[in-house]
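**Q** Structure file start32.pdb (PDB, C-alpha atoms) right here:
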```
ATOM      1  CA  MET A   1       1.058  -5.082  -8.062
ATOM      2  CA  PRO A   2       1.021  -4.964 -11.846
ATOM      3  CA  LEU A   3      -0.281  -1.772 -13.383
ATOM      4  CA  PRO A   4      -1.445  -2.606 -16.915
ATOM      5  CA  PHE A   5      -1.281   0.994 -18.089
ATOM      6  CA  LEU A   6       2.391   1.256 -17.008
ATOM      7  CA  THR A   7       3.691  -2.088 -18.236
ATOM      8  CA  ALA A   8       4.657  -2.956 -21.768
ATOM      9  CA  ASP A   9       3.083  -5.767 -23.699
ATOM     10  CA  ARG A  10       4.727  -9.060 -22.656
ATOM     11  CA  ALA A  11       4.161 -10.610 -26.079
ATOM     12  CA  HIS A  12       7.387  -9.052 -27.369
ATOM     13  CA  ASP A  13       9.621 -10.029 -24.408
ATOM     14  CA  ASP A  14      10.845 -13.168 -26.182
ATOM     15  CA  ASP A  15      12.022 -11.105 -29.154
ATOM     16  CA  ARG A  16      14.394  -8.959 -27.091
ATOM     17  CA  ALA A  17      17.945 -10.058 -26.521
ATOM     18  CA  GLY A  18      20.569  -9.448 -23.879
ATOM     19  CA  PRO A  19      24.167  -8.274 -24.381
ATOM     20  CA  GLU A  20      25.397 -11.539 -25.911
ATOM     21  CA  GLY A  21      22.257 -12.203 -27.902
ATOM     22  CA  ALA A  22      20.718 -14.341 -25.133
ATOM     23  CA  PRO A  23      17.090 -13.579 -24.354
ATOM     24  CA  LEU A  24      16.454 -11.423 -21.319
ATOM     25  CA  SER A  25      15.092 -13.411 -18.433
ATOM     26  CA  HIS A  26      12.970 -12.393 -15.510
ATOM     27  CA  VAL A  27      11.485 -14.237 -12.577
ATOM     28  CA  ASP A  28       7.701 -14.491 -12.548
ATOM     29  CA  VAL A  29       6.054 -15.517  -9.291
ATOM     30  CA  THR A  30       2.279 -15.885  -9.073
ATOM     31  CA  TYR A  31       0.291 -15.307  -5.866
ATOM     32  CA  ALA A  32      -3.510 -15.369  -5.946
ATOM     33  CA  ASP A  33      -3.715 -14.857  -9.740
ATOM     34  CA  VAL A  34      -1.278 -11.912  -9.724
ATOM     35  CA  THR A  35       2.170 -12.257 -11.290
ATOM     36  CA  TYR A  36       5.113 -10.422  -9.714
ATOM     37  CA  GLU A  37       8.368  -9.991 -11.624
ATOM     38  CA  ASN A  38      10.613  -9.396  -8.609
ATOM     39  CA  PRO A  39       9.361 -11.125  -5.448
ATOM     40  CA  GLU A  40      12.199  -9.610  -3.371
ATOM     41  CA  ARG A  41      10.791  -6.090  -3.713
ATOM     42  CA  TRP A  42       8.317  -4.799  -1.108
ATOM     43  CA  ARG A  43       4.964  -4.292  -2.801
ATOM     44  CA  ARG A  44       1.353  -3.652  -1.902
ATOM     45  CA  PRO A  45      -0.860  -6.571  -3.073
ATOM     46  CA  TYR A  46      -3.819  -4.229  -3.652
ATOM     47  CA  ARG A  47      -4.464  -0.769  -5.034
ATOM     48  CA  PRO A  48      -4.950   2.242  -2.772
ATOM     49  CA  GLY A  49      -8.604   3.033  -2.209
ATOM     50  CA  PRO A  50     -10.498   6.129  -3.328
ATOM     51  CA  TRP A  51     -10.819   7.484   0.225
ATOM     52  CA  LYS A  52      -7.056   7.409   0.679
ATOM     53  CA  VAL A  53      -6.289   8.883  -2.734
ATOM     54  CA  GLY A  54      -8.993  11.529  -2.364
ATOM     55  CA  GLY A  55      -7.729  12.561   1.067
ATOM     56  CA  ALA A  56      -4.190  12.852  -0.265
ATOM     57  CA  ALA A  57      -5.451  14.920  -3.212
ATOM     58  CA  VAL A  58      -7.193  17.345  -0.856
ATOM     59  CA  LEU A  59      -4.022  17.622   1.224
ATOM     60  CA  LEU A  60      -1.940  18.313  -1.900
ATOM     61  CA  LEU A  61      -4.457  20.979  -2.936
ATOM     62  CA  LEU A  62      -4.049  22.579   0.495
ATOM     63  CA  ALA A  63      -0.270  22.441   0.071
ATOM     64  CA  SER A  64      -0.525  24.196  -3.298
ATOM     65  CA  TYR A  65      -2.522  27.007  -1.649
ATOM     66  CA  LEU A  66       0.132  27.287   1.054
ATOM     67  CA  LEU A  67       2.920  27.450  -1.535
ATOM     68  CA  PHE A  68       1.036  30.050  -3.557
ATOM     69  CA  SER A  69       0.486  32.122  -0.423
ATOM     70  CA  ALA A  70       4.207  31.829   0.359
ATOM     71  CA  LEU A  71       4.947  33.207  -3.125
ATOM     72  CA  ILE A  72       2.580  36.147  -2.592
ATOM     73  CA  ILE A  73       4.082  36.836   0.831
ATOM     74  CA  VAL A  74       7.623  36.822  -0.617
ATOM     75  CA  LEU A  75       6.548  39.275  -3.308
ATOM     76  CA  ALA A  76       5.025  41.473  -0.584
ATOM     77  CA  GLY A  77       8.389  41.545   1.190
ATOM     78  CA  SER A  78       8.059  39.316   4.268
ATOM     79  CA  GLY A  79      10.493  36.431   3.903
ATOM     80  CA  SER A  80      10.125  34.891   7.367
ATOM     81  CA  THR A  81       6.349  34.496   7.077
ATOM     82  CA  ALA A  82       6.782  33.002   3.622
ATOM     83  CA  GLY A  83       9.236  30.502   5.110
ATOM     84  CA  VAL A  84       6.621  29.435   7.658
ATOM     85  CA  CYS A  85       4.090  28.867   4.845
ATOM     86  CA  ALA A  86       6.636  26.896   2.812
ATOM     87  CA  VAL A  87       7.527  24.689   5.788
ATOM     88  CA  ALA A  88       3.829  24.089   6.492
ATOM     89  CA  ALA A  89       3.324  23.130   2.837
ATOM     90  CA  ALA A  90       6.264  20.707   3.000
ATOM     91  CA  LEU A  91       4.781  19.062   6.102
ATOM     92  CA  VAL A  92       1.370  18.728   4.433
ATOM     93  CA  ILE A  93       2.995  17.183   1.337
ATOM     94  CA  ALA A  94       4.970  14.732   3.472
ATOM     95  CA  PHE A  95       1.792  13.768   5.349
ATOM     96  CA  ALA A  96      -0.086  13.228   2.061
ATOM     97  CA  PHE A  97       2.643  10.912   0.749
ATOM     98  CA  ARG A  98       2.731   9.028   4.047
ATOM     99  CA  LEU A  99      -1.070   8.663   3.901
ATOM    100  CA  VAL A 100      -0.937   7.113   0.434
ATOM    101  CA  GLY A 101       2.023   4.924   1.418
ATOM    102  CA  ALA A 102       0.284   3.502   4.497
ATOM    103  CA  GLY A 103      -0.879  -0.093   4.135
ATOM    104  CA  VAL A 104       0.400  -3.632   3.901
ATOM    105  CA  ARG A 105       3.378  -4.681   1.827
ATOM    106  CA  VAL A 106       4.689  -8.165   1.140
ATOM    107  CA  SER A 107       7.869  -9.656  -0.272
ATOM    108  CA  GLU A 108       9.843 -12.868  -0.096
ATOM    109  CA  ARG A 109      11.295 -11.636   3.198
ATOM    110  CA  GLY A 110       8.043 -11.065   5.058
ATOM    111  CA  LEU A 111       5.050  -8.925   5.755
ATOM    112  CA  ARG A 112       5.192  -5.188   6.542
ATOM    113  CA  ARG A 113       2.308  -3.101   7.900
ATOM    114  CA  THR A 114       2.991   0.611   7.486
ATOM    115  CA  GLY A 115       0.909   3.131   9.390
ATOM    116  CA  LEU A 116       1.023   6.916   9.399
ATOM    117  CA  PHE A 117       3.657   7.085  12.122
ATOM    118  CA  SER A 118       5.082   3.558  12.542
ATOM    119  CA  SER A 119       5.773   0.304  10.713
ATOM    120  CA  THR A 120       5.738  -3.325  11.796
ATOM    121  CA  THR A 121       7.661  -5.978   9.870
ATOM    122  CA  LEU A 122       7.176  -9.713  10.421
ATOM    123  CA  PRO A 123       9.391 -12.285   8.695
ATOM    124  CA  TRP A 124       7.344 -15.099   7.158
ATOM    125  CA  GLN A 125       8.682 -17.587   9.708
ATOM    126  CA  ASP A 126       7.052 -15.451  12.447
ATOM    127  CA  VAL A 127       3.642 -15.495  10.724
ATOM    128  CA  ALA A 128       1.608 -18.479  11.922
ATOM    129  CA  SER A 129      -1.488 -17.790   9.807
ATOM    130  CA  ILE A 130      -3.390 -15.162   7.905
ATOM    131  CA  ARG A 131      -7.137 -15.321   8.320
ATOM    132  CA  THR A 132     -10.222 -13.192   7.800
ATOM    133  CA  ALA A 133     -12.362 -12.595  10.878
ATOM    134  CA  GLN A 134     -15.734 -10.968  11.490
ATOM    135  CA  GLN A 135     -15.237  -8.357  14.226
ATOM    136  CA  PRO A 136     -15.838  -4.697  15.127
ATOM    137  CA  VAL A 137     -13.629  -2.492  12.924
ATOM    138  CA  ARG A 138     -12.993   1.247  12.756
ATOM    139  CA  VAL A 139     -14.566   3.271   9.941
ATOM    140  CA  LEU A 140     -11.828   5.160   8.043
ATOM    141  CA  GLY A 141      -9.564   4.849  11.079
ATOM    142  CA  LEU A 142     -11.874   6.994  13.216
ATOM    143  CA  PRO A 143     -12.986   5.965  16.731
ATOM    144  CA  ARG A 144     -16.443   4.852  15.515
ATOM    145  CA  THR A 145     -16.642   1.077  15.068
ATOM    146  CA  VAL A 146     -19.024  -1.075  13.052
ATOM    147  CA  GLN A 147     -19.277  -4.791  12.433
ATOM    148  CA  GLY A 148     -16.986  -5.713   9.563
ATOM    149  CA  GLN A 149     -14.185  -7.984   8.440
ATOM    150  CA  ALA A 150     -10.486  -7.812   9.208
ATOM    151  CA  VAL A 151      -7.513  -9.710   7.822
ATOM    152  CA  LEU A 152      -5.425 -10.826  10.810
ATOM    153  CA  ALA A 153      -1.878 -12.163  10.897
ATOM    154  CA  GLY A 154      -1.345 -14.640  13.736
ATOM    155  CA  ARG A 155       2.154 -14.711  15.201
ATOM    156  CA  THR A 156       4.070 -17.892  15.983
ATOM    157  CA  SER A 157       5.199 -16.355  19.269
ATOM    158  CA  GLY A 158       1.578 -15.981  20.353
ATOM    159  CA  GLY A 159      -0.047 -12.803  21.544
ATOM    160  CA  ALA A 160      -2.612 -10.662  19.837
ATOM    161  CA  PRO A 161      -2.816 -11.025  16.061
ATOM    162  CA  LEU A 162      -1.743  -8.090  13.905
ATOM    163  CA  THR A 163      -4.642  -6.454  12.037
ATOM    164  CA  LEU A 164      -3.493  -5.973   8.455
ATOM    165  CA  VAL A 165      -6.508  -4.484   6.658
ATOM    166  CA  THR A 166     -10.220  -4.070   7.404
ATOM    167  CA  SER A 167     -13.294  -3.866   5.227
ATOM    168  CA  HIS A 168     -13.953  -0.293   6.415
ATOM    169  CA  ASP A 169     -10.507   1.308   6.192
ATOM    170  CA  THR A 170      -9.495   3.948   3.654
ATOM    171  CA  ASP A 171      -8.560   1.330   1.058
ATOM    172  CA  PHE A 172     -11.681  -0.833   1.130
ATOM    173  CA  LEU A 173     -14.693   1.161   2.375
ATOM    174  CA  GLY A 174     -17.473   0.442  -0.112
ATOM    175  CA  ARG A 175     -15.278  -2.008  -2.092
ATOM    176  CA  PRO A 176     -16.028  -5.542  -0.820
ATOM    177  CA  GLU A 177     -14.618  -7.180  -3.979
ATOM    178  CA  ALA A 178     -11.297  -5.361  -3.538
ATOM    179  CA  PHE A 179     -11.173  -6.415   0.123
ATOM    180  CA  ALA A 180     -11.772 -10.068  -0.819
ATOM    181  CA  ALA A 181      -9.071  -9.887  -3.515
ATOM    182  CA  ALA A 182      -6.572  -8.339  -1.073
ATOM    183  CA  ALA A 183      -7.365 -10.992   1.558
ATOM    184  CA  ASP A 184      -6.816 -13.721  -1.054
ATOM    185  CA  ALA A 185      -3.526 -12.156  -2.185
ATOM    186  CA  LEU A 186      -2.220 -11.904   1.383
ATOM    187  CA  ASP A 187      -3.302 -15.485   2.065
ATOM    188  CA  GLY A 188      -1.569 -16.574  -1.161
ATOM    189  CA  TRP A 189       1.709 -15.003  -0.079
ATOM    190  CA  ALA A 190       1.434 -16.684   3.336
ATOM    191  CA  ASP A 191       0.628 -20.106   1.843
ATOM    192  CA  ARG A 192       3.781 -20.060  -0.283
ATOM    193  CA  ARG A 193       6.036 -19.588   2.738
TER     194      ARG A 193
END
```
If you convert what's in this file into structure tokens, what do you get?
**A**
Amino acid sequence: MPLPFLTADRAHDDDRAGPEGAPLSHVDVTYADVTYENPERWRRPYRPGPWKVGGAAVLLLLASYLLFSALIIVLAGSGSTAGVCAVAAALVIAFAFRLVGAGVRVSERGLRRTGLFSSTTLPWQDVASIRTAQQPVRVLGLPRTVQGQAVLAGRTSGGAPLTLVTSHDTDFLGRPEAFAAAADALDGWADRR
């Protein structure tokens, strides 16, 4: 996923030269109007949503309070209690990073769905189709379901399709345009296989 505020202007790439004076080369691959420089690298074809980023920010704020309380407890003279607070803060930080990292990633090798506690990887030859379906979906991953859309990956071996993303998950709740763009990007990766 290109981040325009992190990438340099491509207009000057032709002016740079390699070790022997040859121009530097890079591989550009385009899927659904998005250009990727290295298609071998696992990448998310959409940006994390505000619900996911906001939840992680609240968790990191909680971790900062825990670390500050550990500092106060150490200064008060109780090292073991401070250690408990520091370990709790480390677990909260790890959970926040896992929350932001959860989602779908694609590469030349296949399709990877990462959850909070597990990951599923399908090579492209095992993916029969990627389609968008109207079905009941969970709101923000909670037990409550509403009618929405889901991007499903059908497997060549049969069985139940793998739900990749939904219109009401933490990345796309209230962002129908972003959901449509992510569905198109995932479909674009599948069509090129």
**Q** May I ask for the distance between CA of Ala181 in chain A and CA of Gly54 in chain A, given in Å to one decimal place?
**A**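 Calculated distance between CA of Ala181 in chain A and CA of Gly54 in chain A is 21.4 Å.
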**Q** What does the distance from CA of Pro45 in chain A to CA of Val106 in chain A come to in Å, to one decimal?
**A**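 Here the two named atoms are 7.1 Å from each other.
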**Q** As AutoDock Vina command-line options, please: the centre and edge lengths in Å, to one decimal, of an axis-aligned box enclosing every listed atom of range 58-76 of chain A with 4 Å added on each side.
**A**
```
--center_x 0.2 --center_y 29.4 --center_z -1.2 --size_x 22.8 --size_y 32.1 --size_z 12.8
```
**Q** Calculated over all atoms listed in the file, which of the candidates A:Gly101, A:Gly188, A:Gly159, A:Gly148 has the smallest distance to Asp126 in chain A?
**A**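 The answer is A:Gly159, which sits nearest to Asp126 in chain A.
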**Q** Could you tell me which residues the PyMOL selection byres ((chain A and resi 56-66) around 10) grabs in this file, written as a PyMOL selection string?
**A** chain A and resi 50-55+67-72+82+84-100
**Q** Would you mind telling me which residue in A:Ala133, A:Ile73, A:Leu152, A:Ala102 lies nearest to Ala190 in chain A when using only C-alpha atoms?
**A** A:Leu152
